[in-house]
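Pasted below: model_8.pdb, PDB, C-alpha atoms and all ligand atoms.
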```pdb
ATOM      1  CA  MET A   1      23.266  -5.363  12.763  1.00  0.00           C
ATOM      2  CA  ASP A   2      22.765  -5.945  16.475  1.00  0.00           C
ATOM      3  CA  VAL A   3      19.642  -4.315  17.809  1.00  0.00           C
ATOM      4  CA  PRO A   4      19.081  -3.671  21.491  1.00  0.00           C
ATOM      5  CA  SER A   5      16.164  -5.508  23.021  1.00  0.00           C
ATOM      6  CA  LEU A   6      12.815  -3.700  22.861  1.00  0.00           C
ATOM      7  CA  ILE A   7      13.898  -2.083  19.578  1.00  0.00           C
ATOM      8  CA  LYS A   8      12.783  -3.655  16.318  1.00  0.00           C
ATOM      9  CA  ALA A   9      15.274  -4.490  13.628  1.00  0.00           C
ATOM     10  CA  PRO A  10      15.369  -2.221  10.590  1.00  0.00           C
ATOM     11  CA  VAL A  11      13.285  -3.189   7.602  1.00  0.00           C
ATOM     12  CA  HIS A  12      14.091  -2.605   3.933  1.00  0.00           C
ATOM     13  CA  PRO A  13      10.780  -2.011   2.176  1.00  0.00           C
ATOM     14  CA  ALA A  14      12.131  -2.379  -1.372  1.00  0.00           C
ATOM     15  CA  THR A  15      13.643  -5.784  -0.601  1.00  0.00           C
ATOM     16  CA  ALA A  16      10.512  -6.925   1.217  1.00  0.00           C
ATOM     17  CA  ALA A  17       8.275  -5.811  -1.642  1.00  0.00           C
ATOM     18  CA  ALA A  18      10.430  -7.569  -4.237  1.00  0.00           C
ATOM     19  CA  ALA A  19      10.073 -10.805  -2.261  1.00  0.00           C
ATOM     20  CA  LEU A  20       6.268 -10.739  -2.320  1.00  0.00           C
ATOM     21  CA  THR A  21       4.723 -13.510  -4.399  1.00  0.00           C
ATOM     22  CA  LYS A  22       1.108 -12.339  -4.550  1.00  0.00           C
ATOM     23  CA  LEU A  23      -0.170  -9.260  -6.344  1.00  0.00           C
ATOM     24  CA  TRP A  24      -2.346  -6.700  -4.553  1.00  0.00           C
ATOM     25  CA  SER A  25      -1.761  -8.451  -1.217  1.00  0.00           C
ATOM     26  CA  PRO A  26      -0.216  -5.884   1.150  1.00  0.00           C
ATOM     27  CA  ARG A  27       1.976  -6.879   4.078  1.00  0.00           C
ATOM     28  CA  VAL A  28       2.681  -4.840   7.176  1.00  0.00           C
ATOM     29  CA  VAL A  29       6.411  -4.193   7.649  1.00  0.00           C
ATOM     30  CA  ALA A  30       6.225  -1.644  10.484  1.00  0.00           C
ATOM     31  CA  GLU A  31       3.805   0.112  12.771  1.00  0.00           C
ATOM     32  CA  PHE A  32       3.994   3.328  14.698  1.00  0.00           C
ATOM     33  CA  ASP A  33       1.327   5.006  16.807  1.00  0.00           C
ATOM     34  CA  ASP A  34      -1.937   4.400  14.954  1.00  0.00           C
ATOM     35  CA  TYR A  35      -0.320   3.720  11.590  1.00  0.00           C
ATOM     36  CA  TYR A  36       0.834   0.762   9.550  1.00  0.00           C
ATOM     37  CA  VAL A  37       3.614   0.848   6.998  1.00  0.00           C
ATOM     38  CA  LYS A  38       2.805  -1.697   4.297  1.00  0.00           C
ATOM     39  CA  ILE A  39       4.425  -2.925   1.108  1.00  0.00           C
ATOM     40  CA  ALA A  40       2.704  -4.373  -1.933  1.00  0.00           C
ATOM     41  CA  LYS A  41       3.496  -5.704  -5.380  1.00  0.00           C
ATOM     42  CA  VAL A  42       0.889  -4.644  -7.913  1.00  0.00           C
ATOM     43  CA  LEU A  43       0.124  -5.158 -11.593  1.00  0.00           C
ATOM     44  CA  GLY A  44      -3.039  -4.434 -13.498  1.00  0.00           C
ATOM     45  CA  SER A  45      -6.172  -2.687 -12.270  1.00  0.00           C
ATOM     46  CA  PHE A  46      -7.227  -2.852  -8.603  1.00  0.00           C
ATOM     47  CA  THR A  47     -10.743  -1.700  -7.770  1.00  0.00           C
ATOM     48  CA  TRP A  48     -12.569   1.607  -7.418  1.00  0.00           C
ATOM     49  CA  HIS A  49     -12.988   2.485  -3.749  1.00  0.00           C
ATOM     50  CA  ALA A  50     -12.783   5.290  -1.190  1.00  0.00           C
ATOM     51  CA  HIS A  51     -11.591   5.591   2.401  1.00  0.00           C
ATOM     52  CA  GLU A  52     -14.121   7.847   3.995  1.00  0.00           C
ATOM     53  CA  HIS A  53     -12.106   8.802   7.057  1.00  0.00           C
ATOM     54  CA  GLU A  54      -8.460   8.126   6.170  1.00  0.00           C
ATOM     55  CA  ASP A  55      -5.844   9.617   3.880  1.00  0.00           C
ATOM     56  CA  GLU A  56      -3.648   7.044   2.139  1.00  0.00           C
ATOM     57  CA  LEU A  57       0.035   7.688   1.422  1.00  0.00           C
ATOM     58  CA  PHE A  58       1.725   5.964  -1.517  1.00  0.00           C
ATOM     59  CA  HIS A  59       5.513   5.833  -1.923  1.00  0.00           C
ATOM     60  CA  ILE A  60       6.527   4.242  -5.220  1.00  0.00           C
ATOM     61  CA  LEU A  61       9.557   1.968  -4.753  1.00  0.00           C
ATOM     62  CA  THR A  62       9.922   0.653  -8.320  1.00  0.00           C
ATOM     63  CA  GLY A  63       7.896   0.882 -11.497  1.00  0.00           C
ATOM     64  CA  ARG A  64       5.023   3.205 -12.195  1.00  0.00           C
ATOM     65  CA  LEU A  65       1.522   3.501 -10.822  1.00  0.00           C
ATOM     66  CA  ARG A  66      -1.460   5.391 -12.184  1.00  0.00           C
ATOM     67  CA  ILE A  67      -4.106   6.378  -9.686  1.00  0.00           C
ATOM     68  CA  GLU A  68      -7.381   7.057 -11.429  1.00  0.00           C
ATOM     69  CA  PHE A  69      -9.748   9.611  -9.938  1.00  0.00           C
ATOM     70  CA  GLU A  70     -13.170  10.551 -11.225  1.00  0.00           C
ATOM     71  CA  SER A  71     -11.588  13.859 -12.304  1.00  0.00           C
ATOM     72  CA  GLY A  72      -8.691  12.157 -14.131  1.00  0.00           C
ATOM     73  CA  PRO A  73      -5.526  10.151 -13.497  1.00  0.00           C
ATOM     74  CA  VAL A  74      -2.365  10.928 -11.522  1.00  0.00           C
ATOM     75  CA  ASP A  75       0.781   9.167 -12.755  1.00  0.00           C
ATOM     76  CA  LEU A  76       3.428   8.200 -10.212  1.00  0.00           C
ATOM     77  CA  ARG A  77       6.963   6.957 -10.795  1.00  0.00           C
ATOM     78  CA  ALA A  78       9.654   5.440  -8.583  1.00  0.00           C
ATOM     79  CA  GLY A  79      10.558   7.769  -5.739  1.00  0.00           C
ATOM     80  CA  ASP A  80       7.253   9.637  -5.751  1.00  0.00           C
ATOM     81  CA  VAL A  81       5.199  10.159  -2.622  1.00  0.00           C
ATOM     82  CA  PHE A  82       1.511  10.885  -3.109  1.00  0.00           C
ATOM     83  CA  VAL A  83      -1.440  11.160  -0.759  1.00  0.00           C
ATOM     84  CA  VAL A  84      -4.943  10.123  -1.759  1.00  0.00           C
ATOM     85  CA  PRO A  85      -7.204  12.391   0.281  1.00  0.00           C
ATOM     86  CA  LYS A  86      -9.862  10.815   2.442  1.00  0.00           C
ATOM     87  CA  GLY A  87     -13.225  10.431   0.792  1.00  0.00           C
ATOM     88  CA  MET A  88     -11.948  10.549  -2.825  1.00  0.00           C
ATOM     89  CA  ARG A  89     -12.847   7.596  -5.012  1.00  0.00           C
ATOM     90  CA  HIS A  90      -9.756   6.156  -6.646  1.00  0.00           C
ATOM     91  CA  ASN A  91      -8.510   3.108  -8.520  1.00  0.00           C
ATOM     92  CA  PRO A  92      -4.803   2.209  -8.654  1.00  0.00           C
ATOM     93  CA  VAL A  93      -3.698   0.814 -12.022  1.00  0.00           C
ATOM     94  CA  ALA A  94      -0.214  -0.547 -12.713  1.00  0.00           C
ATOM     95  CA  LEU A  95       0.554  -0.980 -16.419  1.00  0.00           C
ATOM     96  CA  GLU A  96       3.847  -2.582 -15.398  1.00  0.00           C
ATOM     97  CA  GLU A  97       4.827  -4.344 -12.180  1.00  0.00           C
ATOM     98  CA  CYS A  98       5.090  -1.775  -9.427  1.00  0.00           C
ATOM     99  CA  HIS A  99       6.343  -2.073  -5.857  1.00  0.00           C
ATOM    100  CA  VAL A 100       4.782   0.363  -3.455  1.00  0.00           C
ATOM    101  CA  MET A 101       5.027   1.338   0.201  1.00  0.00           C
ATOM    102  CA  LEU A 102       1.855   2.547   1.873  1.00  0.00           C
ATOM    103  CA  ILE A 103       1.406   4.446   5.094  1.00  0.00           C
ATOM    104  CA  GLU A 104      -2.099   4.447   6.440  1.00  0.00           C
ATOM    105  CA  LYS A 105      -4.066   4.404   9.652  1.00  0.00           C
ATOM    106  CA  LYS A 106      -4.591   0.997  11.203  1.00  0.00           C
ATOM    107  CA  SER A 107      -8.320   1.437  10.646  1.00  0.00           C
ATOM    108  CA  THR A 108      -7.880   1.739   6.864  1.00  0.00           C
ATOM    109  CA  LEU A 109      -9.368  -1.075   4.773  1.00  0.00           C
ATOM    110  CA  HIS A 110      -7.314  -1.409   1.599  1.00  0.00           C
ATOM    111  CA  THR A 111     -10.348  -1.854  -0.620  1.00  0.00           C
ATOM    112  CA  GLY A 112     -12.102   0.893   1.336  1.00  0.00           C
ATOM    113  CA  ASP A 113     -15.859   0.802   1.154  1.00  0.00           C
ATOM    114  CA  VAL A 114     -16.081  -2.253  -1.105  1.00  0.00           C
ATOM    115  CA  VAL A 115     -15.323  -5.932  -0.629  1.00  0.00           C
ATOM    116  CA  THR A 116     -13.961  -7.794  -3.641  1.00  0.00           C
ATOM    117  CA  ALA A 117     -12.061 -10.994  -4.340  1.00  0.00           C
ATOM    118  CA  GLN A 118      -8.924  -8.858  -3.841  1.00  0.00           C
ATOM    119  CA  THR A 119      -9.871  -7.767  -0.320  1.00  0.00           C
ATOM    120  CA  ARG A 120      -7.294  -8.959   2.224  1.00  0.00           C
ATOM    121  CA  SER A 121      -8.032  -8.892   5.940  1.00  0.00           C
ATOM    122  CA  ILE A 122      -5.662  -7.102   8.267  1.00  0.00           C
ATOM    123  CA  ASP A 123      -4.778 -10.504   9.731  1.00  0.00           C
ATOM    124  CA  GLU A 124      -3.564 -11.574   6.314  1.00  0.00           C
ATOM    125  CA  GLN A 125      -1.615  -8.341   5.962  1.00  0.00           C
ATOM    126  CA  LEU A 126       0.055  -8.931   9.340  1.00  0.00           C
ATOM    127  CA  ARG A 127       1.212 -12.425   8.430  1.00  0.00           C
ATOM    128  CA  GLY A 128       4.926 -13.026   8.235  1.00  0.00           C
ATOM    129  CA  MET A 129       6.591 -12.657   4.875  1.00  0.00           C
TER     130      MET A 129
HETATM  131 NI    NI B   1      -7.190   3.197  -1.466  1.00  0.00          NI
END
```

Could you quickly redo this structure as structure tokens?
Amino acid sequence: MDVPSLIKAPVHPATAAAALTKLWSPRVVAEFDDYYVKIAKVLGSFTWHAHEHEDELFHILTGRLRIEFESGPVDLRAGDVFVVPKGMRHNPVALEECHVMLIEKKSTLHTGDVVTAQTRSIDEQLRGM
């Protein structure tokens, strides 16, 4: 598709997520205002964390994702959109490979208030695919 200058080409999050080679390593595919749209390929348990000041929107592209809260789990399947409210401790767990699109403020750190071996800097997340 030809795209006029100053307008970015369309992105296809499901295709971009399928092409990812590293687990739990989000990549930015679009930005608007103060938000990033990211994709990630996940499997297994991530890490318990919270985002004190930001909500975090999950859109499940393929597979299933459980988000554990201290009050119990929420199970998501392909097509679901779910918002983790700011300040709530959560831990994403994928029992099977799951591709997910995330929409979050640019200030959001994906491991929230903790730093682990899985923490990826925003520079890493902005790298080309
Ligand atoms: Ni989170």

Contact residues around A:Gly128 with all atoms listed in the file at 12 Å, ignoring same-chain residues under 6 positions, as a PyMOL selection string: chain A and resi 16+19-20+26-30

Would you output that residue set with C-alpha atoms, as an mmCIF file, in the frame of the given file?
```
data_model
loop_
_atom_site.group_PDB
_atom_site.id
_atom_site.type_symbol
_atom_site.label_atom_id
_atom_site.label_comp_id
_atom_site.auth_asym_id
_atom_site.auth_seq_id
_atom_site.Cartn_x
_atom_site.Cartn_y
_atom_site.Cartn_z
ATOM 1 C CA ALA A 16 10.512 -6.925 1.217
ATOM 2 C CA ALA A 19 10.073 -10.805 -2.261
ATOM 3 C CA LEU A 20 6.268 -10.739 -2.320
ATOM 4 C CA PRO A 26 -0.216 -5.884 1.150
ATOM 5 C CA ARG A 27 1.976 -6.879 4.078
ATOM 6 C CA VAL A 28 2.681 -4.840 7.176
ATOM 7 C CA VAL A 29 6.411 -4.193 7.649
ATOM 8 C CA ALA A 30 6.225 -1.644 10.484
#
```

Just want the residues within 10 Å of ligand NI 1 (chain B), written as a ChimeraX atom specification, counting all atoms listed in the file. /A:46-52,54-58,67,83-92,102,104,108-113

Running the PyMOL selection byres (((chain A and resi 95) around 9) and not hetatm) on this model by hand, what would come out? Give it as a list in words.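 Output from the PyMOL selection byres (((chain A and resi 95) around 9) and not hetatm), applied to this file: Leu43, Gly44, Ser45, Arg64, Leu65, Arg66, Val93, Ala94, Glu96, Glu97 and Cys98 of chain A.
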
Please compute the atom CA of A:Val81-atom CA of A:Thr62 distance, one decimal, in Å. 12.0 Å

In Å, how far is it from atom CA of A:Phe82 to atom CA of A:Phe69?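 Spanning atom CA of A:Phe82 to atom CA of A:Phe69 is a straight-line distance of 13.2 Å.
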
Take every atom of stretch 6-25 of chain A listed in the file, fit an axis-aligned box around them, add 6 Å per side, and give the centre and edge lengths in Å to one decimal as AutoDock Vina command-line options.
```
--center_x 6.5 --center_y -7.8 --center_z 8.3 --size_x 29.7 --size_y 23.5 --size_z 41.2
```

Separating atom CA of A:Lys8 from atom CA of A:Val42, to the nearest tenth of an Å, is a gap of 27.0 Å

Please list as a PyMOL selection string every residue within 6 Å of A:His59, counting only C-alpha atoms and excluding residues in the same chain fewer than 5 positions away. chain A and resi 80-81+100-101

Next, the residues of the selection above should be written as a short mmCIF file (atom, residue, chain, number, x, y, z; two decimals), in the coordinates of the input with C-alpha atoms.
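result38.cif written:
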```
data_model
loop_
_atom_site.label_atom_id
_atom_site.label_comp_id
_atom_site.auth_asym_id
_atom_site.auth_seq_id
_atom_site.Cartn_x
_atom_site.Cartn_y
_atom_site.Cartn_z
CA ASP A 80 7.25 9.64 -5.75
CA VAL A 81 5.20 10.16 -2.62
CA VAL A 100 4.78 0.36 -3.46
CA MET A 101 5.03 1.34 0.20
#
```

Taking all atoms listed in the file into account, which of A:Gln118, A:Gly63, A:Ile7, A:Ala17 comes nearest A:Val37?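 The shortest atom-to-atom distance to A:Val37 comes from A:Ala17.
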
Might you pull out every residue within 8 Å of A:Asp34, with all atoms listed in the file counted and same-chain residues fewer than 3 positions away left off, and present them as a list in words?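 That gives Glu31, Lys105 and Lys106 of chain A.
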
Since the input is missing atoms, can you rebuild N, CA and C atoms for stretch 1-37 of chain A and write them as a PDB file, in the coordinates of the input?
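Written out: rebuild.pdb:
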```pdb
ATOM      1  N   MET A   1      23.171  -6.440  11.764  1.00  0.00           N
ATOM      2  CA  MET A   1      23.266  -5.363  12.763  1.00  0.00           C
ATOM      3  C   MET A   1      22.662  -5.845  14.079  1.00  0.00           C
ATOM      4  N   ASP A   2      23.339  -5.618  15.169  1.00  0.00           N
ATOM      5  CA  ASP A   2      22.765  -5.945  16.475  1.00  0.00           C
ATOM      6  C   ASP A   2      21.797  -4.847  16.890  1.00  0.00           C
ATOM      7  N   VAL A   3      20.670  -5.274  17.398  1.00  0.00           N
ATOM      8  CA  VAL A   3      19.642  -4.315  17.809  1.00  0.00           C
ATOM      9  C   VAL A   3      19.342  -4.540  19.280  1.00  0.00           C
ATOM     10  N   PRO A   4      19.388  -3.499  20.069  1.00  0.00           N
ATOM     11  CA  PRO A   4      19.081  -3.671  21.491  1.00  0.00           C
ATOM     12  C   PRO A   4      17.692  -4.247  21.680  1.00  0.00           C
ATOM     13  N   SER A   5      17.486  -4.968  22.763  1.00  0.00           N
ATOM     14  CA  SER A   5      16.164  -5.508  23.021  1.00  0.00           C
ATOM     15  C   SER A   5      15.167  -4.359  23.140  1.00  0.00           C
ATOM     16  N   LEU A   6      13.921  -4.662  22.858  1.00  0.00           N
ATOM     17  CA  LEU A   6      12.815  -3.700  22.861  1.00  0.00           C
ATOM     18  C   LEU A   6      12.843  -2.768  21.656  1.00  0.00           C
ATOM     19  N   ILE A   7      13.853  -2.876  20.804  1.00  0.00           N
ATOM     20  CA  ILE A   7      13.898  -2.083  19.578  1.00  0.00           C
ATOM     21  C   ILE A   7      13.832  -3.046  18.403  1.00  0.00           C
ATOM     22  N   LYS A   8      12.954  -2.748  17.455  1.00  0.00           N
ATOM     23  CA  LYS A   8      12.783  -3.655  16.318  1.00  0.00           C
ATOM     24  C   LYS A   8      13.903  -3.463  15.307  1.00  0.00           C
ATOM     25  N   ALA A   9      14.236  -4.546  14.652  1.00  0.00           N
ATOM     26  CA  ALA A   9      15.274  -4.490  13.628  1.00  0.00           C
ATOM     27  C   ALA A   9      14.811  -3.623  12.460  1.00  0.00           C
ATOM     28  N   PRO A  10      15.750  -3.008  11.765  1.00  0.00           N
ATOM     29  CA  PRO A  10      15.369  -2.221  10.590  1.00  0.00           C
ATOM     30  C   PRO A  10      14.719  -3.095   9.529  1.00  0.00           C
ATOM     31  N   VAL A  11      13.859  -2.486   8.750  1.00  0.00           N
ATOM     32  CA  VAL A  11      13.285  -3.189   7.602  1.00  0.00           C
ATOM     33  C   VAL A  11      13.705  -2.453   6.338  1.00  0.00           C
ATOM     34  N   HIS A  12      13.730  -3.183   5.231  1.00  0.00           N
ATOM     35  CA  HIS A  12      14.091  -2.605   3.933  1.00  0.00           C
ATOM     36  C   HIS A  12      12.909  -2.822   3.001  1.00  0.00           C
ATOM     37  N   PRO A  13      12.033  -1.812   2.903  1.00  0.00           N
ATOM     38  CA  PRO A  13      10.780  -2.011   2.176  1.00  0.00           C
ATOM     39  C   PRO A  13      10.964  -2.495   0.741  1.00  0.00           C
ATOM     40  N   ALA A  14      11.966  -1.988   0.034  1.00  0.00           N
ATOM     41  CA  ALA A  14      12.131  -2.379  -1.372  1.00  0.00           C
ATOM     42  C   ALA A  14      12.452  -3.866  -1.488  1.00  0.00           C
ATOM     43  N   THR A  15      13.300  -4.360  -0.580  1.00  0.00           N
ATOM     44  CA  THR A  15      13.643  -5.784  -0.601  1.00  0.00           C
ATOM     45  C   THR A  15      12.435  -6.628  -0.235  1.00  0.00           C
ATOM     46  N   ALA A  16      11.697  -6.184   0.780  1.00  0.00           N
ATOM     47  CA  ALA A  16      10.512  -6.925   1.217  1.00  0.00           C
ATOM     48  C   ALA A  16       9.461  -6.961   0.112  1.00  0.00           C
ATOM     49  N   ALA A  17       9.279  -5.855  -0.573  1.00  0.00           N
ATOM     50  CA  ALA A  17       8.275  -5.811  -1.642  1.00  0.00           C
ATOM     51  C   ALA A  17       8.680  -6.714  -2.797  1.00  0.00           C
ATOM     52  N   ALA A  18       9.963  -6.731  -3.121  1.00  0.00           N
ATOM     53  CA  ALA A  18      10.430  -7.569  -4.237  1.00  0.00           C
ATOM     54  C   ALA A  18      10.215  -9.042  -3.939  1.00  0.00           C
ATOM     55  N   ALA A  19      10.209  -9.396  -2.649  1.00  0.00           N
ATOM     56  CA  ALA A  19      10.073 -10.805  -2.261  1.00  0.00           C
ATOM     57  C   ALA A  19       8.616 -11.269  -2.243  1.00  0.00           C
ATOM     58  N   LEU A  20       7.680 -10.346  -2.354  1.00  0.00           N
ATOM     59  CA  LEU A  20       6.268 -10.739  -2.320  1.00  0.00           C
ATOM     60  C   LEU A  20       5.943 -11.617  -3.523  1.00  0.00           C
ATOM     61  N   THR A  21       5.082 -12.608  -3.310  1.00  0.00           N
ATOM     62  CA  THR A  21       4.723 -13.510  -4.399  1.00  0.00           C
ATOM     63  C   THR A  21       3.308 -13.265  -4.916  1.00  0.00           C
ATOM     64  N   LYS A  22       2.485 -12.568  -4.126  1.00  0.00           N
ATOM     65  CA  LYS A  22       1.108 -12.339  -4.550  1.00  0.00           C
ATOM     66  C   LYS A  22       0.897 -10.863  -4.870  1.00  0.00           C
ATOM     67  N   LEU A  23       0.150 -10.627  -5.949  1.00  0.00           N
ATOM     68  CA  LEU A  23      -0.170  -9.260  -6.344  1.00  0.00           C
ATOM     69  C   LEU A  23      -1.315  -8.714  -5.497  1.00  0.00           C
ATOM     70  N   TRP A  24      -1.263  -7.403  -5.253  1.00  0.00           N
ATOM     71  CA  TRP A  24      -2.346  -6.700  -4.553  1.00  0.00           C
ATOM     72  C   TRP A  24      -2.616  -7.290  -3.170  1.00  0.00           C
ATOM     73  N   SER A  25      -1.598  -7.837  -2.530  1.00  0.00           N
ATOM     74  CA  SER A  25      -1.761  -8.451  -1.217  1.00  0.00           C
ATOM     75  C   SER A  25      -0.774  -7.795  -0.252  1.00  0.00           C
ATOM     76  N   PRO A  26      -1.161  -6.670   0.336  1.00  0.00           N
ATOM     77  CA  PRO A  26      -0.216  -5.884   1.150  1.00  0.00           C
ATOM     78  C   PRO A  26       0.239  -6.646   2.387  1.00  0.00           C
ATOM     79  N   ARG A  27       1.454  -6.338   2.830  1.00  0.00           N
ATOM     80  CA  ARG A  27       1.976  -6.879   4.078  1.00  0.00           C
ATOM     81  C   ARG A  27       2.467  -5.723   4.939  1.00  0.00           C
ATOM     82  N   VAL A  28       2.226  -5.857   6.222  1.00  0.00           N
ATOM     83  CA  VAL A  28       2.681  -4.840   7.176  1.00  0.00           C
ATOM     84  C   VAL A  28       4.153  -5.087   7.488  1.00  0.00           C
ATOM     85  N   VAL A  29       4.991  -4.061   7.316  1.00  0.00           N
ATOM     86  CA  VAL A  29       6.411  -4.193   7.649  1.00  0.00           C
ATOM     87  C   VAL A  29       6.796  -3.369   8.884  1.00  0.00           C
ATOM     88  N   ALA A  30       5.933  -2.446   9.289  1.00  0.00           N
ATOM     89  CA  ALA A  30       6.225  -1.644  10.484  1.00  0.00           C
ATOM     90  C   ALA A  30       4.937  -1.004  10.966  1.00  0.00           C
ATOM     91  N   GLU A  31       4.929  -0.655  12.232  1.00  0.00           N
ATOM     92  CA  GLU A  31       3.805   0.112  12.771  1.00  0.00           C
ATOM     93  C   GLU A  31       4.339   1.165  13.707  1.00  0.00           C
ATOM     94  N   PHE A  32       3.637   2.281  13.747  1.00  0.00           N
ATOM     95  CA  PHE A  32       3.994   3.328  14.698  1.00  0.00           C
ATOM     96  C   PHE A  32       2.711   4.070  15.062  1.00  0.00           C
ATOM     97  N   ASP A  33       2.567   4.385  16.340  1.00  0.00           N
ATOM     98  CA  ASP A  33       1.327   5.006  16.807  1.00  0.00           C
ATOM     99  C   ASP A  33       0.129   4.281  16.186  1.00  0.00           C
ATOM    100  N   ASP A  34      -0.730   5.014  15.515  1.00  0.00           N
ATOM    101  CA  ASP A  34      -1.937   4.400  14.954  1.00  0.00           C
ATOM    102  C   ASP A  34      -1.794   4.067  13.476  1.00  0.00           C
ATOM    103  N   TYR A  35      -0.569   3.910  13.019  1.00  0.00           N
ATOM    104  CA  TYR A  35      -0.320   3.720  11.590  1.00  0.00           C
ATOM    105  C   TYR A  35       0.376   2.406  11.291  1.00  0.00           C
ATOM    106  N   TYR A  36       0.074   1.872  10.105  1.00  0.00           N
ATOM    107  CA  TYR A  36       0.834   0.762   9.550  1.00  0.00           C
ATOM    108  C   TYR A  36       1.636   1.260   8.353  1.00  0.00           C
ATOM    109  N   VAL A  37       2.829   0.710   8.225  1.00  0.00           N
ATOM    110  CA  VAL A  37       3.614   0.848   6.998  1.00  0.00           C
ATOM    111  C   VAL A  37       3.507  -0.493   6.288  1.00  0.00           C
TER     112      VAL A  37
END
```
